[in-house]
Every structure is written in structure tokens, then in C-alpha cells.
$ cat my_file-v2.cif   # mmCIF, N, CA and C atoms
data_data
loop_
_atom_site.label_atom_id
_atom_site.label_comp_id
_atom_site.auth_asym_id
_atom_site.auth_seq_id
_atom_site.Cartn_x
_atom_site.Cartn_y
_atom_site.Cartn_z
N MET A 424 -63.99 -162.43 86.64
CA MET A 424 -63.36 -163.21 87.69
C MET A 424 -63.41 -164.70 87.32
N GLU A 425 -62.27 -165.38 87.36
CA GLU A 425 -62.22 -166.79 87.00
C GLU A 425 -62.70 -167.65 88.16
N GLN A 426 -63.30 -168.76 87.81
CA GLN A 426 -63.80 -169.67 88.83
C GLN A 426 -62.67 -170.60 89.28
N GLU A 427 -62.54 -170.78 90.56
CA GLU A 427 -61.50 -171.64 91.13
C GLU A 427 -61.87 -173.11 90.94
N ASP A 428 -60.88 -173.95 90.70
CA ASP A 428 -61.09 -175.38 90.60
C ASP A 428 -61.23 -175.94 92.01
N ALA A 429 -62.15 -176.88 92.21
CA ALA A 429 -62.41 -177.43 93.53
C ALA A 429 -61.28 -178.34 94.00
N ARG A 430 -60.55 -178.93 93.05
CA ARG A 430 -59.46 -179.83 93.43
C ARG A 430 -58.23 -179.04 93.87
N PRO A 431 -57.45 -179.58 94.80
CA PRO A 431 -56.21 -178.88 95.17
C PRO A 431 -55.24 -178.92 94.01
N ASN A 432 -54.51 -177.84 93.82
CA ASN A 432 -53.55 -177.76 92.73
C ASN A 432 -52.17 -178.14 93.27
N TYR A 433 -51.71 -179.34 92.90
CA TYR A 433 -50.43 -179.83 93.40
C TYR A 433 -49.26 -179.19 92.68
N TYR A 434 -49.52 -178.40 91.66
CA TYR A 434 -48.45 -177.78 90.90
C TYR A 434 -48.09 -176.41 91.43
N GLU A 435 -48.84 -175.89 92.38
CA GLU A 435 -48.52 -174.60 92.97
C GLU A 435 -47.54 -174.78 94.11
N ALA A 436 -46.85 -173.73 94.43
CA ALA A 436 -45.84 -173.78 95.48
C ALA A 436 -46.49 -173.96 96.84
N ASP A 437 -45.82 -174.71 97.68
CA ASP A 437 -46.21 -174.79 99.09
C ASP A 437 -44.94 -174.80 99.93
N ALA A 438 -45.08 -174.65 101.22
CA ALA A 438 -43.93 -174.48 102.10
C ALA A 438 -43.05 -175.72 102.14
N SER A 439 -43.62 -176.91 102.01
CA SER A 439 -42.83 -178.12 102.17
C SER A 439 -41.91 -178.41 100.99
N THR A 440 -42.21 -177.85 99.82
CA THR A 440 -41.39 -178.16 98.65
C THR A 440 -40.64 -176.96 98.12
N SER A 441 -40.70 -175.84 98.79
CA SER A 441 -39.99 -174.62 98.38
C SER A 441 -40.31 -174.24 96.94
N GLY A 442 -41.58 -174.41 96.56
CA GLY A 442 -42.00 -174.00 95.23
C GLY A 442 -41.76 -175.04 94.16
N GLN A 443 -41.29 -176.21 94.52
CA GLN A 443 -41.01 -177.26 93.55
C GLN A 443 -42.05 -178.37 93.69
N ARG A 444 -42.50 -178.92 92.58
CA ARG A 444 -43.39 -180.06 92.67
C ARG A 444 -42.54 -181.32 92.63
N MET A 445 -42.64 -182.12 93.67
CA MET A 445 -41.79 -183.28 93.79
C MET A 445 -42.50 -184.56 93.38
N ILE A 446 -43.83 -184.54 93.37
CA ILE A 446 -44.60 -185.71 92.98
C ILE A 446 -45.37 -185.34 91.72
N ARG A 447 -45.17 -186.10 90.67
CA ARG A 447 -45.84 -185.83 89.40
C ARG A 447 -46.65 -187.04 88.99
N LYS A 448 -47.82 -186.78 88.40
CA LYS A 448 -48.66 -187.86 87.91
C LYS A 448 -48.23 -188.20 86.49
N LEU A 449 -48.01 -189.49 86.25
CA LEU A 449 -47.58 -189.95 84.94
C LEU A 449 -48.79 -190.27 84.07
N GLN A 450 -48.58 -190.42 82.78
CA GLN A 450 -49.67 -190.76 81.87
C GLN A 450 -50.28 -192.12 82.21
N SER A 451 -49.49 -193.00 82.81
CA SER A 451 -49.98 -194.33 83.18
C SER A 451 -50.92 -194.28 84.38
N GLY A 452 -51.00 -193.11 85.05
CA GLY A 452 -51.85 -192.98 86.22
C GLY A 452 -51.08 -193.15 87.52
N GLU A 453 -49.82 -193.54 87.42
CA GLU A 453 -48.99 -193.70 88.61
C GLU A 453 -48.38 -192.35 88.98
N TYR A 454 -47.78 -192.30 90.15
CA TYR A 454 -47.16 -191.07 90.64
C TYR A 454 -45.67 -191.32 90.82
N ARG A 455 -44.86 -190.34 90.43
CA ARG A 455 -43.41 -190.47 90.55
C ARG A 455 -42.88 -189.39 91.49
N LEU A 456 -42.01 -189.82 92.39
CA LEU A 456 -41.38 -188.92 93.35
C LEU A 456 -40.00 -188.56 92.81
N TYR A 457 -39.72 -187.25 92.80
CA TYR A 457 -38.43 -186.75 92.31
C TYR A 457 -37.68 -186.06 93.43
N SER A 458 -36.36 -186.06 93.32
CA SER A 458 -35.50 -185.35 94.24
C SER A 458 -35.77 -183.85 94.16
N ARG A 459 -35.55 -183.15 95.25
CA ARG A 459 -35.72 -181.70 95.25
C ARG A 459 -34.59 -181.00 94.53
N LYS A 460 -33.41 -181.60 94.54
CA LYS A 460 -32.25 -180.97 93.91
C LYS A 460 -32.10 -181.43 92.47
N ILE A 461 -31.61 -180.54 91.64
CA ILE A 461 -31.35 -180.85 90.24
C ILE A 461 -29.91 -181.33 90.11
N ASN A 462 -29.72 -182.43 89.40
CA ASN A 462 -28.39 -182.95 89.16
C ASN A 462 -27.66 -182.00 88.20
N PRO A 463 -26.53 -181.44 88.60
CA PRO A 463 -25.85 -180.46 87.74
C PRO A 463 -25.36 -181.06 86.42
N LYS A 464 -25.05 -182.37 86.40
CA LYS A 464 -24.56 -183.00 85.17
C LYS A 464 -25.67 -183.13 84.13
N THR A 465 -26.84 -183.60 84.57
CA THR A 465 -27.92 -183.88 83.63
C THR A 465 -28.94 -182.76 83.54
N GLY A 466 -29.01 -181.93 84.58
CA GLY A 466 -30.01 -180.87 84.61
C GLY A 466 -31.39 -181.37 84.96
N LYS A 467 -31.48 -182.62 85.41
CA LYS A 467 -32.77 -183.23 85.76
C LYS A 467 -32.77 -183.65 87.22
N ARG A 468 -33.95 -184.00 87.70
CA ARG A 468 -34.09 -184.47 89.07
C ARG A 468 -33.99 -185.99 89.12
N ARG A 469 -33.48 -186.51 90.24
CA ARG A 469 -33.35 -187.95 90.41
C ARG A 469 -34.71 -188.57 90.71
N ASN A 470 -35.00 -189.70 90.07
CA ASN A 470 -36.23 -190.44 90.31
C ASN A 470 -36.08 -191.19 91.63
N LEU A 471 -36.98 -190.90 92.59
CA LEU A 471 -36.92 -191.56 93.90
C LEU A 471 -37.98 -192.64 94.05
N GLY A 472 -38.63 -192.99 92.97
CA GLY A 472 -39.59 -194.08 93.02
C GLY A 472 -40.89 -193.75 92.32
N THR A 473 -41.58 -194.82 91.88
CA THR A 473 -42.87 -194.71 91.22
C THR A 473 -43.89 -195.47 92.07
N PHE A 474 -45.05 -194.86 92.28
CA PHE A 474 -46.04 -195.41 93.20
C PHE A 474 -47.41 -195.43 92.56
N ARG A 475 -48.25 -196.37 92.99
CA ARG A 475 -49.60 -196.49 92.43
C ARG A 475 -50.53 -195.40 92.92
N SER A 476 -50.29 -194.88 94.11
CA SER A 476 -51.18 -193.84 94.65
C SER A 476 -50.36 -192.65 95.11
N ARG A 477 -51.00 -191.49 95.14
CA ARG A 477 -50.34 -190.28 95.61
C ARG A 477 -50.01 -190.41 97.10
N ALA A 478 -50.89 -191.06 97.85
CA ALA A 478 -50.66 -191.24 99.29
C ALA A 478 -49.38 -192.05 99.53
N ALA A 479 -49.16 -193.07 98.72
CA ALA A 479 -47.94 -193.89 98.87
C ALA A 479 -46.70 -193.05 98.54
N ALA A 480 -46.79 -192.21 97.53
CA ALA A 480 -45.67 -191.34 97.16
C ALA A 480 -45.39 -190.33 98.26
N GLU A 481 -46.44 -189.76 98.85
CA GLU A 481 -46.26 -188.79 99.94
C GLU A 481 -45.66 -189.47 101.17
N LYS A 482 -46.08 -190.70 101.45
CA LYS A 482 -45.54 -191.44 102.59
C LYS A 482 -44.03 -191.68 102.38
N HIS A 483 -43.65 -192.06 101.17
CA HIS A 483 -42.24 -192.30 100.89
C HIS A 483 -41.44 -191.00 100.95
N GLU A 484 -42.04 -189.90 100.50
CA GLU A 484 -41.34 -188.61 100.57
C GLU A 484 -41.06 -188.23 102.03
N ARG A 485 -42.03 -188.47 102.91
CA ARG A 485 -41.80 -188.19 104.35
C ARG A 485 -40.68 -189.07 104.89
N ALA A 486 -40.64 -190.33 104.47
CA ALA A 486 -39.58 -191.24 104.92
C ALA A 486 -38.22 -190.75 104.43
N VAL A 487 -38.15 -190.31 103.19
CA VAL A 487 -36.89 -189.79 102.63
C VAL A 487 -36.44 -188.57 103.43
N GLN A 488 -37.35 -187.66 103.71
CA GLN A 488 -37.00 -186.45 104.47
C GLN A 488 -36.54 -186.81 105.88
N TYR A 489 -37.18 -187.80 106.49
CA TYR A 489 -36.79 -188.22 107.85
C TYR A 489 -35.35 -188.75 107.83
N PHE A 490 -35.04 -189.64 106.89
CA PHE A 490 -33.72 -190.27 106.88
C PHE A 490 -32.64 -189.30 106.43
N LYS A 491 -32.98 -188.23 105.74
CA LYS A 491 -31.98 -187.23 105.38
C LYS A 491 -31.47 -186.52 106.63
N ARG A 492 -32.28 -186.47 107.66
CA ARG A 492 -31.94 -185.68 108.85
C ARG A 492 -31.62 -186.53 110.09
N HIS A 493 -31.69 -187.86 109.97
CA HIS A 493 -31.42 -188.73 111.14
C HIS A 493 -30.40 -189.78 110.82
#
$ encode --input "my_file-v2.cif" --output "C-alpha cells"
Amino acid sequence: MEQEDARPNYYEADASTSGQRMIRKLQSGEYRLYSRKINPKTGKRRNLGTFRSRAAAEKHERAVQYFKRH
């Protein structure tokens, strides 16, 4: 039996992202927010901003989701 890591795994699917990881940690230590949809021309996700902390990226993601629906 493998031992579970104590840290939350942000790369696993959750209900809010439909199995997609939208916030990725960069080598610089910053976090980048990506669009949920893949651009059909490039096959990549749109960069929605780079943030110093994961909390700031999550806050911006909530703001993006709010404005998509209002």
C-alpha cells in the first residue's frame, strides 16, 4: 500500500475544473492561470495571468468565472 502525500494534489480532477488543472506552478515559483477551453487553432490554453501566490490566482479565477456569467 502506497503512502499518501500530506499535501493536496492540485493536479487531480475536482468538480470546479471538470478534471482540468487551470492553475499551474511555474519554475519561477509563480502561478499561471489558464483558460478552461483549448484554442482550436493552437491546441493550447489561453494565459489568463501570472500571479505570485496561488491564492491570488484562485481569486482571479473566481472573478473570471463570475464575469463570464454576469
$ closest_residue --input "my_file-v2.cif" --among "A:Arg477, A:His483, A:Gly472, A:Thr465" --to "Gly452 of chain A" --atoms "all atoms listed in the file"
A:Arg477
$ resolve_selection --input "my_file-v2.cif" --expression "the PyMOL selection byres ((chain A and resi 457) around 5)" --output "ChimeraX atom specification"
/A:445-446,455-456,458-459,469-471
$ write_last_selection --input "my_file-v2.cif" --atoms "N, CA and C atoms" --output "PDB file, keeping the file's coordinate frame"
ATOM      1  N   MET A 445     -42.640-182.120  93.670  1.00  0.00           N
ATOM      2  CA  MET A 445     -41.790-183.280  93.790  1.00  0.00           C
ATOM      3  C   MET A 445     -42.500-184.560  93.380  1.00  0.00           C
ATOM      4  N   ILE A 446     -43.830-184.540  93.370  1.00  0.00           N
ATOM      5  CA  ILE A 446     -44.600-185.710  92.980  1.00  0.00           C
ATOM      6  C   ILE A 446     -45.370-185.340  91.720  1.00  0.00           C
ATOM      7  N   ARG A 455     -44.860-190.340  90.430  1.00  0.00           N
ATOM      8  CA  ARG A 455     -43.410-190.470  90.550  1.00  0.00           C
ATOM      9  C   ARG A 455     -42.880-189.390  91.490  1.00  0.00           C
ATOM     10  N   LEU A 456     -42.010-189.820  92.390  1.00  0.00           N
ATOM     11  CA  LEU A 456     -41.380-188.920  93.350  1.00  0.00           C
ATOM     12  C   LEU A 456     -40.000-188.560  92.810  1.00  0.00           C
ATOM     13  N   SER A 458     -36.360-186.060  93.320  1.00  0.00           N
ATOM     14  CA  SER A 458     -35.500-185.350  94.240  1.00  0.00           C
ATOM     15  C   SER A 458     -35.770-183.850  94.160  1.00  0.00           C
ATOM     16  N   ARG A 459     -35.550-183.150  95.250  1.00  0.00           N
ATOM     17  CA  ARG A 459     -35.720-181.700  95.250  1.00  0.00           C
ATOM     18  C   ARG A 459     -34.590-181.000  94.530  1.00  0.00           C
ATOM     19  N   ARG A 469     -33.480-186.510  90.240  1.00  0.00           N
ATOM     20  CA  ARG A 469     -33.350-187.950  90.410  1.00  0.00           C
ATOM     21  C   ARG A 469     -34.710-188.570  90.710  1.00  0.00           C
ATOM     22  N   ASN A 470     -35.000-189.700  90.070  1.00  0.00           N
ATOM     23  CA  ASN A 470     -36.230-190.440  90.310  1.00  0.00           C
ATOM     24  C   ASN A 470     -36.080-191.190  91.630  1.00  0.00           C
ATOM     25  N   LEU A 471     -36.980-190.900  92.590  1.00  0.00           N
ATOM     26  CA  LEU A 471     -36.920-191.560  93.900  1.00  0.00           C
ATOM     27  C   LEU A 471     -37.980-192.640  94.050  1.00  0.00           C
TER      28      LEU A 471
END
$ atom_distance --input "my_file-v2.cif" --atom1 "atom CA of Tyr489 of chain A" --atom2 "atom CA of Lys460 of chain A"
16.4 Å
$ atom_distance --input "my_file-v2.cif" --atom1 "atom N of Glu453 of chain A" --atom2 "atom N of Lys482 of chain A"
14.8 Å
